[in-house]
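Next comes data-v9.txt, a file with compact mmCIF, C-alpha atoms and all ligand atoms.
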```txt
# COMPACT_ATOMS: atom_id res chain seq x y z
CA MET M 631 102.39 -51.77 -14.16
CA THR M 632 99.37 -49.78 -15.20
CA ASP M 633 98.89 -46.92 -17.59
CA LEU M 634 95.91 -44.70 -18.28
CA ASP M 635 95.47 -46.44 -21.60
CA GLY M 636 95.96 -49.93 -20.18
CA GLU M 637 98.08 -50.62 -23.23
CA VAL M 638 101.55 -50.94 -21.73
CA PHE M 639 103.60 -53.99 -22.63
CA LYS M 640 106.69 -55.39 -20.96
CA VAL M 641 108.87 -55.99 -24.00
CA PRO M 642 112.09 -58.05 -23.87
CA VAL M 643 114.98 -55.83 -25.03
CA GLN M 644 115.80 -58.16 -27.93
CA ASP M 645 112.25 -57.67 -29.27
CA LEU M 646 112.53 -53.88 -29.40
CA ILE M 647 113.69 -54.09 -33.01
CA SER M 648 110.23 -55.15 -34.13
CA PHE M 649 108.22 -53.12 -31.64
CA GLY M 650 107.01 -49.70 -32.72
CA GLY M 651 105.69 -48.19 -29.51
CA ILE M 652 106.44 -45.39 -27.10
CA VAL M 653 108.75 -45.93 -24.12
CA ALA M 654 106.35 -45.76 -21.16
CA GLU M 655 108.79 -44.81 -18.44
CA ASP M 656 112.36 -43.55 -18.21
CA ILE M 657 114.95 -46.29 -18.68
CA ILE M 658 117.55 -45.68 -15.99
CA SER M 659 121.11 -47.00 -15.96
CA ALA M 660 122.67 -48.67 -12.91
CA ARG M 661 124.34 -45.35 -12.10
CA GLY M 662 121.02 -43.54 -12.19
CA SER M 663 121.30 -41.65 -15.48
CA VAL M 664 118.47 -41.69 -18.00
CA ILE M 665 119.33 -43.88 -21.00
CA ILE M 666 116.06 -43.48 -22.84
CA PRO M 667 113.52 -40.90 -21.72
CA LYS M 668 109.86 -41.74 -21.35
CA GLY M 669 107.95 -40.74 -24.47
CA THR M 670 110.62 -41.85 -26.98
CA ARG M 671 109.05 -43.34 -30.09
CA LEU M 672 110.92 -46.53 -30.98
CA ALA M 673 109.91 -46.35 -34.61
CA MET M 674 111.77 -43.08 -34.96
CA LEU M 675 115.08 -44.55 -33.81
CA GLY M 676 115.52 -46.39 -37.11
CA ASP M 677 118.70 -48.47 -37.23
CA SER M 678 119.90 -46.86 -34.01
CA VAL M 679 117.60 -49.25 -32.18
CA LEU M 680 120.40 -51.82 -32.62
CA LEU M 681 122.76 -49.57 -30.66
CA LEU M 682 120.06 -49.14 -28.06
CA ILE M 683 119.60 -52.89 -27.66
CA ARG M 684 123.33 -53.44 -27.19
CA HIS M 685 123.52 -50.58 -24.72
CA LEU M 686 120.59 -51.89 -22.66
CA LEU M 687 121.97 -55.43 -22.60
CA ASP M 688 125.37 -54.06 -21.50
CA GLU M 689 123.56 -52.28 -18.67
CA GLY M 690 121.90 -55.54 -17.68
CA ILE M 691 118.43 -54.31 -18.57
CA GLY M 692 116.23 -57.11 -19.88
CA TYR M 693 112.79 -55.52 -20.35
CA VAL M 694 111.37 -52.17 -21.38
CA HIS M 695 107.86 -50.92 -20.73
CA VAL M 696 106.36 -49.79 -24.01
CA ARG M 697 103.00 -48.20 -24.64
CA ARG M 698 101.16 -48.80 -27.87
CA ASP M 699 101.59 -45.87 -30.22
CA ASP M 700 98.05 -45.21 -31.29
CA HIS M 701 96.91 -42.02 -29.72
CA VAL M 702 97.64 -38.33 -29.75
CA GLU M 703 98.65 -36.87 -26.44
CA GLN M 704 95.58 -34.68 -26.47
CA ASP M 705 95.91 -33.21 -22.98
CA ALA M 706 99.43 -32.17 -23.77
CA LEU M 707 98.29 -30.60 -27.00
CA ASP M 708 95.48 -28.75 -25.22
CA SER M 709 97.74 -27.27 -22.58
CA PHE M 710 100.31 -26.30 -25.18
CA ILE M 711 97.67 -24.54 -27.20
CA ASP M 712 96.45 -22.61 -24.16
CA GLN M 713 100.02 -21.58 -23.57
CA VAL M 714 100.37 -20.32 -27.12
CA ILE M 715 97.03 -18.53 -27.05
CA ASN M 716 97.93 -16.75 -23.84
CA SER M 717 101.48 -15.85 -24.61
CA ASN M 718 101.78 -14.82 -28.24
CA VAL M 719 102.45 -11.28 -29.25
CA ILE M 720 100.11 -10.17 -31.94
CA ILE M 721 100.80 -8.17 -35.06
CA ASP M 722 100.87 -4.48 -34.20
CA PRO M 723 97.16 -3.63 -33.88
CA GLU M 724 97.70 -0.40 -35.81
CA VAL M 725 99.13 -2.26 -38.80
CA ALA M 726 96.31 -4.81 -38.51
CA SER M 727 93.50 -2.25 -38.45
CA LYS M 728 95.12 -0.19 -41.21
CA SER M 729 95.37 -3.32 -43.40
CA ILE M 730 91.77 -4.28 -42.73
CA ASN M 731 90.54 -0.74 -43.45
CA GLU M 732 92.48 -0.53 -46.70
CA ILE M 733 91.04 -3.83 -47.92
CA LYS M 734 87.56 -2.66 -46.96
CA GLY M 735 88.23 0.64 -48.78
CA LEU M 736 89.31 -1.23 -51.90
CA PHE M 737 86.22 -3.45 -51.87
CA ASP M 738 83.92 -0.45 -51.30
CA SER M 739 85.57 1.48 -54.15
CA ILE M 740 85.22 -1.46 -56.51
CA ARG M 741 81.51 -1.68 -55.71
CA THR M 742 80.84 2.03 -56.10
CA GLN M 743 83.21 3.60 -58.59
CA HIS M 744 85.40 3.18 -61.63
CA ILE M 745 88.32 0.89 -61.21
CA THR M 746 91.65 2.65 -61.53
CA PRO M 747 95.18 1.45 -60.73
CA GLU M 748 95.42 4.18 -58.03
CA LEU M 749 93.07 2.13 -55.85
CA LEU M 750 95.79 -0.42 -55.44
CA SER M 751 98.67 1.65 -54.05
CA PRO M 752 97.47 1.72 -50.39
CA ILE M 753 97.27 -2.09 -50.48
CA THR M 754 100.80 -2.53 -51.80
CA GLU M 755 101.99 -0.14 -49.05
CA VAL M 756 100.16 -2.15 -46.40
CA ALA M 757 101.61 -5.41 -47.76
CA LYS M 758 105.12 -4.04 -47.18
CA GLU M 759 104.34 -2.98 -43.60
CA LEU M 760 102.70 -6.29 -42.85
CA LEU M 761 105.68 -8.21 -44.21
CA GLU M 762 108.01 -6.21 -41.95
CA GLN M 763 105.92 -7.27 -38.98
CA ILE M 764 105.87 -10.91 -40.05
CA LEU M 765 109.64 -11.03 -40.44
CA THR M 766 110.13 -10.01 -36.82
CA LYS M 767 107.88 -12.75 -35.40
CA PRO M 768 109.52 -16.02 -34.39
CA LYS M 769 106.27 -17.98 -34.38
CA ILE M 770 103.18 -17.82 -36.46
CA LEU M 771 100.23 -16.05 -34.92
CA PHE M 772 96.68 -17.09 -35.26
CA SER M 773 93.45 -15.25 -34.73
CA VAL M 774 95.58 -12.21 -35.39
CA ALA M 775 92.43 -10.19 -35.78
CA LYS M 776 88.92 -10.81 -34.57
CA VAL M 777 85.75 -10.12 -36.49
CA HIS M 778 83.65 -7.49 -34.77
CA ARG M 779 80.84 -7.30 -37.29
CA TRP M 780 79.73 -10.09 -39.57
CA ASP M 781 79.99 -7.95 -42.71
CA GLU M 782 83.65 -7.27 -41.89
CA TYR M 783 84.51 -10.93 -42.19
CA THR M 784 85.89 -10.79 -45.73
CA PHE M 785 88.34 -8.00 -44.86
CA VAL M 786 89.52 -9.45 -41.57
CA HIS M 787 89.85 -12.86 -43.19
CA SER M 788 91.91 -11.36 -46.04
CA PHE M 789 94.23 -9.76 -43.51
CA ASN M 790 94.67 -12.97 -41.48
CA THR M 791 95.22 -15.01 -44.64
CA ALA M 792 97.86 -12.53 -45.77
CA ALA M 793 99.68 -12.68 -42.43
CA ILE M 794 99.72 -16.49 -42.28
CA SER M 795 100.62 -16.80 -45.98
CA GLY M 796 103.50 -14.37 -45.60
CA PHE M 797 104.77 -16.30 -42.63
CA LEU M 798 104.64 -19.65 -44.45
CA ALA M 799 106.08 -18.24 -47.68
CA HIS M 800 108.95 -16.66 -45.78
CA ARG M 801 109.92 -20.19 -44.72
CA MET M 802 109.39 -21.91 -48.07
CA ALA M 803 110.21 -19.28 -50.65
CA PRO M 804 111.59 -16.20 -48.84
CA GLU M 805 111.98 -14.18 -52.03
CA SER M 806 108.23 -14.50 -52.60
CA ALA M 807 107.06 -13.55 -49.12
CA GLU M 808 105.93 -10.06 -50.12
CA THR M 809 104.05 -11.45 -53.11
CA ALA M 810 102.37 -13.96 -50.80
CA VAL M 811 101.28 -11.16 -48.45
CA LEU M 812 99.91 -9.04 -51.30
CA GLY M 813 98.24 -12.09 -52.85
CA GLY M 814 96.81 -13.01 -49.44
CA LEU M 815 95.33 -9.53 -49.03
CA LEU M 816 93.80 -9.74 -52.51
CA HIS M 817 92.96 -13.44 -52.75
CA ASP M 818 89.22 -12.92 -52.34
CA LEU M 819 89.12 -9.73 -54.42
CA GLY M 820 86.48 -11.32 -56.65
CA LYS M 821 84.08 -11.25 -53.72
CA ALA M 822 83.73 -7.51 -54.40
CA ARG M 823 81.70 -8.67 -57.41
CA ILE M 824 79.51 -11.10 -55.45
CA PRO M 825 76.08 -9.72 -54.43
CA LEU M 826 76.17 -8.65 -50.77
CA GLU M 827 73.12 -10.70 -49.90
CA ILE M 828 75.06 -13.82 -50.86
CA LEU M 829 78.44 -12.66 -49.50
CA ASN M 830 77.09 -11.71 -46.08
CA LYS M 831 74.25 -14.20 -45.86
CA PRO M 832 73.86 -15.12 -42.19
CA GLY M 833 73.61 -18.84 -42.88
CA PRO M 834 74.85 -21.60 -45.15
CA LEU M 835 74.51 -20.98 -48.89
CA THR M 836 72.13 -22.82 -51.20
CA ASN M 837 73.70 -24.75 -54.09
CA GLU M 838 72.83 -21.97 -56.49
CA GLU M 839 74.32 -19.31 -54.22
CA PHE M 840 77.40 -21.42 -53.72
CA ASN M 841 77.88 -21.60 -57.48
CA VAL M 842 77.79 -17.81 -57.64
CA MET M 843 80.28 -17.65 -54.78
CA LYS M 844 82.56 -20.10 -56.60
CA SER M 845 83.01 -17.61 -59.42
CA HIS M 846 85.06 -15.29 -57.19
CA PRO M 847 88.54 -16.59 -58.14
CA VAL M 848 87.95 -15.93 -61.85
CA LEU M 849 86.18 -12.62 -61.20
CA GLY M 850 89.03 -11.67 -58.89
CA GLU M 851 91.72 -12.35 -61.46
CA LYS M 852 89.86 -10.19 -63.99
CA LEU M 853 89.47 -7.38 -61.46
CA ALA M 854 93.14 -7.59 -60.51
CA ARG M 855 94.12 -7.13 -64.16
CA GLU M 856 91.79 -4.11 -64.38
CA LEU M 857 93.55 -2.71 -61.32
CA GLY M 858 96.82 -2.97 -63.23
CA ILE M 859 98.26 -6.06 -61.54
CA ASP M 860 100.45 -7.93 -63.99
CA ASP M 861 102.55 -10.00 -61.59
CA PRO M 862 101.69 -13.58 -62.65
CA ASP M 863 102.28 -14.86 -59.09
CA VAL M 864 99.72 -12.50 -57.56
CA LEU M 865 97.25 -13.29 -60.35
CA ALA M 866 97.83 -17.02 -59.77
CA ILE M 867 97.11 -16.70 -56.04
CA ILE M 868 93.81 -14.98 -56.78
CA ARG M 869 92.78 -17.48 -59.45
CA SER M 870 94.05 -20.70 -57.90
CA HIS M 871 93.60 -20.44 -54.12
CA HIS M 872 90.63 -22.85 -54.23
CA GLU M 873 92.44 -25.51 -56.23
CA ARG M 874 93.12 -28.68 -54.28
CA TRP M 875 96.22 -30.83 -54.22
CA CYS M 876 94.18 -33.87 -55.35
CA GLY M 877 92.60 -31.99 -58.26
CA SER M 878 89.07 -31.58 -56.93
CA GLY M 879 89.17 -27.81 -56.54
CA TYR M 880 88.11 -24.94 -58.78
CA PRO M 881 88.15 -23.14 -61.19
CA ASP M 882 90.62 -25.20 -63.26
CA GLY M 883 90.82 -28.54 -61.42
CA LYS M 884 94.62 -28.30 -61.28
CA ALA M 885 96.45 -30.82 -59.11
CA GLY M 886 99.73 -31.21 -57.23
CA GLU M 887 102.61 -29.06 -58.33
CA ASP M 888 100.65 -27.78 -61.32
CA ILE M 889 99.08 -25.49 -58.74
CA PRO M 890 101.53 -22.62 -58.18
CA LEU M 891 103.33 -22.85 -54.83
CA LEU M 892 102.04 -19.52 -53.54
CA SER M 893 98.47 -20.60 -54.31
CA ARG M 894 99.07 -23.80 -52.31
CA ILE M 895 100.37 -21.71 -49.42
CA VAL M 896 97.44 -19.29 -49.52
CA ALA M 897 95.04 -22.26 -49.73
CA VAL M 898 96.30 -23.56 -46.37
CA ALA M 899 96.27 -20.10 -44.76
CA ASP M 900 92.78 -19.43 -46.15
CA ALA M 901 91.35 -22.73 -44.89
CA PHE M 902 93.03 -22.43 -41.50
CA ASP M 903 91.72 -18.93 -40.85
CA ALA M 904 88.25 -19.80 -42.15
CA MET M 905 88.07 -22.79 -39.80
CA THR M 906 89.22 -20.89 -36.73
CA SER M 907 86.89 -17.93 -37.36
CA GLU M 908 83.44 -17.68 -35.92
CA ARG M 909 80.65 -16.86 -38.37
CA SER M 910 77.05 -16.03 -37.69
CA TYR M 911 76.08 -19.58 -38.66
CA LYS M 912 79.01 -21.58 -37.32
CA ARG M 913 81.24 -21.60 -34.31
CA ALA M 914 84.99 -21.35 -34.62
CA VAL M 915 86.69 -24.74 -34.86
CA PRO M 916 89.15 -25.13 -31.95
CA PHE M 917 92.68 -24.36 -32.99
CA ARG M 918 93.98 -27.90 -32.40
CA ASP M 919 91.18 -29.38 -34.53
CA ALA M 920 91.95 -26.93 -37.32
CA VAL M 921 95.65 -27.86 -37.24
CA ASN M 922 94.68 -31.53 -37.21
CA THR M 923 92.41 -31.05 -40.22
CA ILE M 924 95.14 -29.29 -42.16
CA ILE M 925 97.55 -32.15 -41.36
CA VAL M 926 95.04 -34.90 -42.12
CA ASP M 927 94.07 -33.18 -45.38
CA GLY M 928 97.71 -32.75 -46.39
CA GLY M 929 98.07 -34.91 -49.49
CA THR M 930 94.40 -34.63 -50.41
CA HIS M 931 93.25 -31.01 -50.15
CA PHE M 932 96.58 -29.45 -49.33
CA ASP M 933 100.22 -29.73 -50.31
CA PRO M 934 101.55 -31.97 -47.49
CA LYS M 935 104.74 -29.91 -47.23
CA VAL M 936 102.76 -26.74 -46.62
CA SER M 937 100.53 -28.55 -44.09
CA ARG M 938 103.52 -29.71 -42.08
CA LEU M 939 105.08 -26.28 -42.24
CA LEU M 940 101.94 -24.85 -40.65
CA LEU M 941 102.32 -27.29 -37.76
CA THR M 942 105.99 -26.59 -37.17
CA SER M 943 105.38 -22.87 -37.55
CA PHE M 944 103.30 -23.05 -34.41
CA GLY M 945 106.30 -24.45 -32.63
CA MET M 946 105.09 -28.04 -32.59
CA TYR M 947 107.59 -30.63 -33.65
CA PRO M 948 105.98 -33.97 -34.40
CA PRO M 949 108.19 -37.08 -34.41
CA GLY M 950 110.30 -37.13 -37.53
CA SER M 951 111.00 -33.40 -37.54
CA VAL M 952 114.66 -32.67 -38.19
CA VAL M 953 115.77 -29.75 -36.04
CA GLU M 954 118.85 -27.72 -35.28
CA LEU M 955 119.55 -27.08 -31.60
CA SER M 956 121.05 -24.01 -30.00
CA ASP M 957 124.50 -25.65 -29.85
CA LYS M 958 124.33 -26.27 -33.65
CA SER M 959 123.83 -30.01 -33.28
CA ILE M 960 121.15 -31.56 -35.50
CA GLY M 961 118.73 -34.26 -34.50
CA VAL M 962 115.46 -35.97 -35.20
CA VAL M 963 112.47 -35.59 -32.89
CA VAL M 964 111.60 -39.02 -31.47
CA SER M 965 108.79 -38.00 -29.16
CA SER M 966 106.37 -35.11 -29.14
CA GLY M 967 107.60 -34.09 -25.72
CA GLY M 968 104.81 -35.10 -23.36
CA GLU M 969 103.34 -32.06 -21.69
CA ASP M 970 105.75 -29.67 -23.34
CA LEU M 971 105.57 -29.86 -27.12
CA LEU M 972 108.23 -27.23 -27.54
CA ARG M 973 110.81 -29.43 -25.81
CA PRO M 974 110.57 -32.93 -27.28
CA VAL M 975 113.10 -35.76 -27.09
CA ILE M 976 115.75 -35.54 -29.80
CA MET M 977 118.04 -38.19 -31.23
CA ILE M 978 121.27 -36.40 -32.07
CA LYS M 979 122.52 -37.16 -35.61
CA VAL M 980 125.10 -34.43 -36.11
CA ASN M 981 127.36 -33.14 -33.33
CA PRO M 982 127.89 -29.41 -32.67
CA ASP M 983 131.21 -29.54 -34.57
CA GLY M 984 129.49 -30.92 -37.67
CA SER M 985 130.73 -34.49 -37.30
CA LEU M 986 128.22 -37.32 -37.58
CA SER M 987 127.17 -38.81 -34.28
CA ASP M 988 128.04 -42.51 -34.30
CA ALA M 989 126.82 -43.24 -30.78
CA LEU M 990 123.23 -43.42 -29.69
CA ARG M 991 122.54 -40.09 -28.07
CA LEU M 992 119.05 -39.17 -26.98
CA LEU M 993 118.43 -35.80 -25.49
CA ASP M 994 115.34 -34.81 -23.54
CA LEU M 995 115.07 -31.06 -24.03
CA LYS M 996 113.02 -30.80 -20.84
CA ARG M 997 116.16 -31.81 -18.97
CA SER M 998 118.54 -29.73 -21.04
CA GLU M 999 119.56 -26.11 -21.42
CA LEU M 1000 119.46 -26.56 -25.19
CA ARG M 1001 116.49 -25.47 -27.24
CA ILE M 1002 115.29 -25.89 -30.79
CA GLN M 1003 116.66 -23.12 -32.93
CA ARG M 1004 115.48 -24.03 -36.39
CA TYR M 1005 113.24 -26.52 -38.16
CA LEU M 1006 115.21 -28.13 -40.98
CA GLY M 1007 112.89 -30.67 -42.51
CA TRP M 1008 111.14 -33.93 -42.17
CA GLU M 1009 112.32 -37.49 -41.83
CA GLY M 1010 109.12 -38.84 -40.39
CA LYS M 1011 107.52 -42.22 -40.80
CA ARG M 1012 104.28 -41.00 -39.33
CA ALA M 1013 102.66 -37.74 -38.38
CA LEU M 1014 100.94 -37.08 -35.06
FE FE L 1101 88.35 -17.57 -51.72
```
As structure tokens:
Amino acid sequence: MTDLDGEVFKVPVQDLISFGGIVAEDIISARGSVIIPKGTRLAMLGDSVLLLIRHLLDEGIGYVHVRRDDHVEQDALDSFIDQVINSNVIIDPEVASKSINEIKGLFDSIRTQHITPELLSPITEVAKELLEQILTKPKILFSVAKVHRWDEYTFVHSFNTAAISGFLAHRMAPESAETAVLGGLLHDLGKARIPLEILNKPGPLTNEEFNVMKSHPVLGEKLARELGIDDPDVLAIIRSHHERWCGSGYPDGKAGEDIPLLSRIVAVADAFDAMTSERSYKRAVPFRDAVNTIIVDGGTHFDPKVSRLLLTSFGMYPPGSVVELSDKSIGVVVSSGGEDLLRPVIMIKVNPDGSLSDALRLLDLKRSELRIQRYLGWEGKRAL
């Protein structure tokens, strides 16, 4: 048997217990039903692999074709991404352009006139409207707004960051979603105090310019206080959105959970939107590469929980994701689903009636009417 990778092994059933690969073709019973679908990751079966071995031996099956588990199904990911790009509904364009204009208005006012708390009320209004939109969307949206002029970048980016942050916060800390949206809109407020020739420079910054730019979180927090913001969570987002999980960020070098949760959420949203945006001096990073970077940097730059949430928010369920299905059963994703990442193979752990499943039951959602209803958590041994 051949495979595109040339890495398919014929593994005796008894050896499956120590073999952590991907089932290379459907394992069919004597009666023609699929016992284990192609694409199942053996490592994800855990102790259930013992049940599988017994079942296969009972069926008289002696060997299984297994592919080495060392690559991402990139073609599948590409086609999925195209699907998402072409099918997603975007945030109401009126709400988007209103948000962007209000942020621009706030920045312009800060540059040209006295700072008064009245400047803030249109932004808090917009944050409410934006949150309403976010709450009605089943999946996160990316590139929710496009930059038309280079000097608009800061405002469009603030809007996108707010939308993504609100979406993530709604799933991690629902009571804080509105704060996350407002903080997202204002996270780069300090850039209103950065000279325009640095802020809108059509090229990479020099070290000296970068140091000026790095003062924006502290300048932003000060400005926010002058605008009358006293919510410590909003202030923390503005001050701490460039802190890194491993402690190498700025301005305070905080690490891990010392960084407030909403700041960790905005940090992921901020980085994701910055990567996927085109600037005058850099091309947009493809969406899949940006998601990959966020996942790979989870645990170093980013809170790994927030990184994974970004991935599952796009409707991708990597092996190890614990999900609830439309019949209320609960299972663990054991394969990323081949060409359809929204319909992976699930190992059922809890039956629809709430009882624990004591038999080995694998379900290929591509062959089922059931669909994933909710992401519940993570039981993974490895990411993508
Ligand atoms: Fe920033």
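Our summary of the geometry notes that CA of Phe639 in chain M is positioned 25.8 Å from CA of Arg973 in chain M.
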Checklist entry - For the atom pair CA of Ser943 in chain M and CA of Val896 in chain M, what is the interatomic distance in Å to one decimal place? => result 14.8 Å
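Between CA of Arg913 in chain M and CA of Gly850 in chain M the separation is 27.6 Å.
The nearest approach to Ser998 in chain M among the residues M:Gly877, M:Gly669, M:Gly662, M:Pro974, with all atoms listed in the file taken into account, belongs to M:Pro974.
Nearest residue to ligand FE 1101 (chain L) among M:Lys758, M:Arg661, M:His872, M:Lys734 is M:His872, counting only C-alpha atoms and all ligand atoms.
Shortest separation to Ala866 in chain M among M:Met905, M:Leu816, M:Ala807, M:Ile828 occurs at residue M:Leu816, atoms counted being all atoms listed in the file.
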Next on the checklist: Please list as a ChimeraX atom specification every residue within 8 Å of range 790-800 of chain M, counting only C-alpha atoms and excluding residues in the same chain fewer than 2 positions away.
Outcome noted: /M:760-761,764-765,770-775,786-788,802-808,810-815,892,895-896,899-900,903,936,939-940,943
Item to check | Surroundings of ligand FE 1101 (chain L) up to 7 Å, based on only C-alpha atoms and all ligand atoms, as a VMD selection string | outcome: chain M and resid 817 to 818 846 to 847 871 to 872
Selection to disk with C-alpha atoms, as a short mmCIF file (atom, residue, chain, number, x, y, z; two decimals), in the frame of the given file:
```
data_model
loop_
_atom_site.label_atom_id
_atom_site.label_comp_id
_atom_site.auth_asym_id
_atom_site.auth_seq_id
_atom_site.Cartn_x
_atom_site.Cartn_y
_atom_site.Cartn_z
CA HIS M 817 92.96 -13.44 -52.75
CA ASP M 818 89.22 -12.92 -52.34
CA HIS M 846 85.06 -15.29 -57.19
CA PRO M 847 88.54 -16.59 -58.14
CA HIS M 871 93.60 -20.44 -54.12
CA HIS M 872 90.63 -22.85 -54.23
#
```
Considering all atoms listed in the file, tabulate each residue of range 840-904 of chain M that lies at most 9 Å from range 915-932 of chain M along with its nearest interatomic pair and the corresponding distance in Å to one decimal; arrange the rows by chain and ascending residue number and present them as a tab-separated table.
```
residue	atom	partner	partner_atom	distance
M:Glu873	CA	M:His931	CA	8.2
M:Arg874	CA	M:His931	CA	4.7
M:Trp875	CA	M:His931	CA	5.0
M:Cys876	CA	M:Thr930	CA	5.0
M:Gly877	CA	M:His931	CA	8.2
M:Ser878	CA	M:His931	CA	8.0
M:Gly879	CA	M:His931	CA	8.2
M:Gly886	CA	M:Phe932	CA	8.7
M:Arg894	CA	M:Phe932	CA	6.9
M:Ile895	CA	M:Phe932	CA	8.6
M:Ala897	CA	M:Phe932	CA	7.4
M:Val898	CA	M:Phe932	CA	6.6
M:Ala901	CA	M:Ile924	CA	8.1
M:Phe902	CA	M:Ala920	CA	6.2
M:Asp903	CA	M:Ala920	CA	8.7
M:Ala904	CA	M:Val915	CA	8.9
```
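The residue that comes closest to Ser951 in chain M, out of M:Met674, M:Ile824, M:Ala757, M:Leu1000 and on the basis of only C-alpha atoms, is M:Met674.
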Item to check | Shell around Met977 in chain M at 6 Å using only C-alpha atoms, local window under 3 positions removed, as JSON, numbers by chain | outcome: {"M": [961, 962, 991, 992]}
Item to check | Nearby residues (only C-alpha atoms) at most 10 Å from Pro825 in chain M, same-chain spacing under 2 positions excluded, as JSON, numbers by chain | outcome: {"M": [741, 821, 822, 823, 827, 828, 829, 830, 831, 839, 842, 843]}
Checklist entry - Which one is closest to Leu675 in chain M: M:His744, M:Arg909, M:Lys979, M:Lys844? Count only C-alpha atoms. => result M:Lys979
Checklist entry - Smallest atom-to-atom distance to Tyr880 in chain M: which of M:Thr809, M:Ser845, M:Ser937, M:Thr836, using all atoms listed in the file? => result M:Ser845
Could you give me, as an mmCIF file with C-alpha atoms, in the frame of the given file, the residues within 10 Å of Ile647 in chain M, counting only C-alpha atoms and dropping anything in the same chain fewer than 6 positions from it?
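selection-v7.cif, freshly written:
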```
data_model
loop_
_atom_site.group_PDB
_atom_site.id
_atom_site.type_symbol
_atom_site.label_atom_id
_atom_site.label_comp_id
_atom_site.auth_asym_id
_atom_site.auth_seq_id
_atom_site.Cartn_x
_atom_site.Cartn_y
_atom_site.Cartn_z
ATOM 1 C CA LEU M 672 110.920 -46.530 -30.980
ATOM 2 C CA ALA M 673 109.910 -46.350 -34.610
ATOM 3 C CA LEU M 675 115.080 -44.550 -33.810
ATOM 4 C CA GLY M 676 115.520 -46.390 -37.110
ATOM 5 C CA ASP M 677 118.700 -48.470 -37.230
ATOM 6 C CA SER M 678 119.900 -46.860 -34.010
ATOM 7 C CA VAL M 679 117.600 -49.250 -32.180
ATOM 8 C CA LEU M 680 120.400 -51.820 -32.620
ATOM 9 C CA LEU M 682 120.060 -49.140 -28.060
ATOM 10 C CA ILE M 683 119.600 -52.890 -27.660
#
```
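The point (116.9, -27.8, -38.5) has these residues within 7 Å of it, counting only C-alpha atoms: Val952, Val953, Glu954, Ile960, Arg1004, Tyr1005, Leu1006 and Gly1007 of chain M.
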Next on the checklist: Around the point (114.3, -32.5, -17.0) (coordinates from the file), which residues reach within 12 Å if we count all atoms listed in the file? Answer as a list of chain:residue names.
Outcome noted: M:Asp656, M:Ser663, M:Val664, M:Pro667, M:Lys668, M:Gly967, M:Gly968, M:Glu969, M:Asp970, M:Arg973, M:Pro974, M:Val975, M:Leu993, M:Asp994, M:Leu995, M:Lys996, M:Arg997, M:Ser998, M:Glu999, M:Leu1000
